[in-house]
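Right, one structure below, let's go through it.
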Amino acid sequence: MSNTLKVLVVDDSAFMRLLVSNLLSEDSSIEVIGTATNGLEAKEKAMELNPDVVVLDLNMEKYDGLYAVKSIMKDRPTPILILSAVGNTDLHPVFEALKNGAVDYMNKPNRNKSKIHEIQSELIQKVKSTARAKPKKITDQRLEKKLKAASFRKKSKYDIIAIGASTGGPTALEKILTTLPHNFNIPVIICQHMSQMFIPPFVKRLNSLTKLNVVAATQDMEPTPGTIMFCPGHSNLILNRENGIAKVNFTNQVFKEYNNPSINALMKSTAKVYADKSVGVILTGMGKDGVEGMKSLKARGALTIAQNRASSVIYGMPKAAVESGVIDLELDIKEIGNYLVKNL
């Protein structure tokens with residue numbers, strides 16, 4: 001059974017360790033090779049058992065899940081899936097775990113633990129997709145860069161930057177947006193595959209990290225310099241042009257690869273509205289959402305950028321776009337923000 005995924009389950013509740021282990025074991029391609037009760041034990045078991053994926057709770061006594069994430073990513077980088085009820089009330093720990101190397105997250109039902117049966121299929125899918133990630137050692141992140149206002153000698157030839165991201169995207173987006181100066185003069189609109197409930201706290205988090213104005217897009221909102229708009233996730237966001245003015249709209253159209261929010265929906269409409277005045281950026285993530293959109297952008301003369309393999313948590317969407325021959329530049333995630341500032 002060489003293709004079996006070896007999973008370590010970490011939770012301070014004996015009931016949850018048993019339940020999650022049983023749910024995962026019902027899939028013949030998954031083997032739960034061990035369990036742990038806190039972050040310290042999780043790190044020790046990860047070193048001992050060499051799992052393919054760690055399914056990790058965050059809220060545990062003494063040594064919590066964030067301790068486990070930091071320790072594991074420092075000493076033995078391993079794909080980690082956060083499965084925790086803490087996200088039902090406070091998403092800050094979830095985003096911190098992602099920033100420190102966790103791959104993905106799921107909310108655990110917090111009122112009725114037996115309801116976790118309802119998320120079994122999604123949990124199994126998430127474990128399998130998390131296993132495809134290429135985690136990297138996390139170095140000390142305490143140093144902060146003080147961004148100076150950029151000197152823009154003339155108006156950019158581009159009027160919009162559209163960014164699509166999926167698994168690994170929150171951390172990638174943080175790296176890009178915290179590189180942009182407060183006077184960045186091109187509107188940015190972002191489609192991140194994320195549950196609708198996660199968008200507002202993520203927007204709030206990014207607002208605390210950048211001087212730019214980060215908002216969840218609403219009907220008829222106009223893309224403006226200094227503002228970063230996020231697709232809110234309740235439906236697929238598109239851009240329309242009315243009386244010469246670009247505005248946000250939403251569509252019930254179903255897109256093959258992904259919906260609510262669809263990267264293809266955003267990118268295709270961006271190509272239609274902005275044509276060669278637009279920049280498309282495709283970041284880390286599984287699947288092919290965004291590829292058709294990037295094709296539309298390229299066909300209209302837009303600049304197209306993909307995150308490179310080395311810096312992608314999952315080199316799925318960028319790879320598909322590159323292999324489709326529609327990418328002008330492949331850049332490390334640490335280079336994308338600087339490129340947008342210095343070269344556009």
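Quick note on naming: the chains in the structure tokens go A, B, ... in the order shown, residues restart at 1 in each chain, and ligands are numbered from 1 in order of appearance.
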
query = Quick one: DSSP strand (DSSP E or B) residues in stretch 126-283 of chain A, as a PyMOL selection string?
reply = chain A and resi 160-165+188-192+213-216+227-230+236-242+245-251+278-282

task = List every residue of stretch 60-146 of chain A that DSSP, applied to the backbone of this structure, assigns to alpha helix (DSSP H), and report them as an MDAnalysis selection string.
result = chainID A and resid 65:75 92:99 120:130

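Interatomic distance, atom CA of A:Ile333 against atom CA of A:Gly290: 17.4 Å.
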
query = For A:Glu174, which of A:Ser71, A:Asn240, A:Ser156, A:Ser208 is the closest residue, counting only C-alpha atoms?
reply = A:Ser208

Distance query A:Ser84 at most 8 Å, only C-alpha atoms, self and fewer than 2 positions along chain excluded, as a VMD selection string = chain A and resid 56 to 59 82 86 to 87 105 to 108

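Residues with any atom within 10 Å of A:Val291, counting only C-alpha atoms and excluding same-chain neighbours fewer than 4 positions away, are Gly164, Glu257, Ile263, Asn264, Met267, Lys268, Ile282, Gly287, Lys295, Ser296, Leu297, Met317, Pro318, Lys319, Ala320, Ala321, Val322, Glu323, Ser324, Val326 and Ile327 of chain A.
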
task = Quick one: everything within 10 Å of A:Lys43, counting only C-alpha atoms, minus sequence neighbours fewer than 6 positions away in the same chain. Send it as a list in words.
result = Val10, Ala36, Val54, Gly65, Tyr67, Ala68, Val69, Lys70, Ser71, Ile72, Met73, Asp75 and Arg76 of chain A

How would the residues just picked look written out with C-alpha atoms as a PDB file, in the first residue's frame?
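Generated output (selection_24.pdb):
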ATOM      1  CA  VAL A  10      -3.772  15.764  16.979  1.00  0.00           C
ATOM      2  CA  ALA A  36      -1.241  13.124  19.848  1.00  0.00           C
ATOM      3  CA  VAL A  54      -0.799  16.178  10.276  1.00  0.00           C
ATOM      4  CA  GLY A  65      -1.566  23.883  17.814  1.00  0.00           C
ATOM      5  CA  TYR A  67       3.317  25.661  18.921  1.00  0.00           C
ATOM      6  CA  ALA A  68       3.066  22.428  16.937  1.00  0.00           C
ATOM      7  CA  VAL A  69       2.997  24.251  13.592  1.00  0.00           C
ATOM      8  CA  LYS A  70       6.067  26.324  14.415  1.00  0.00           C
ATOM      9  CA  SER A  71       8.001  23.366  15.845  1.00  0.00           C
ATOM     10  CA  ILE A  72       7.170  20.955  13.051  1.00  0.00           C
ATOM     11  CA  MET A  73       7.890  23.473  10.290  1.00  0.00           C
ATOM     12  CA  ASP A  75      12.522  20.810  12.450  1.00  0.00           C
ATOM     13  CA  ARG A  76      10.587  18.571  10.045  1.00  0.00           C
TER      14      ARG A  76
END

ask   = Excluding same-chain residues fewer than 5 positions from stretch 302-312 of chain A, what lies within 7 Å of it counting only C-alpha atoms, as an MDAnalysis selection string?
value = chainID A and resid 275:284 294 297 318 327:333
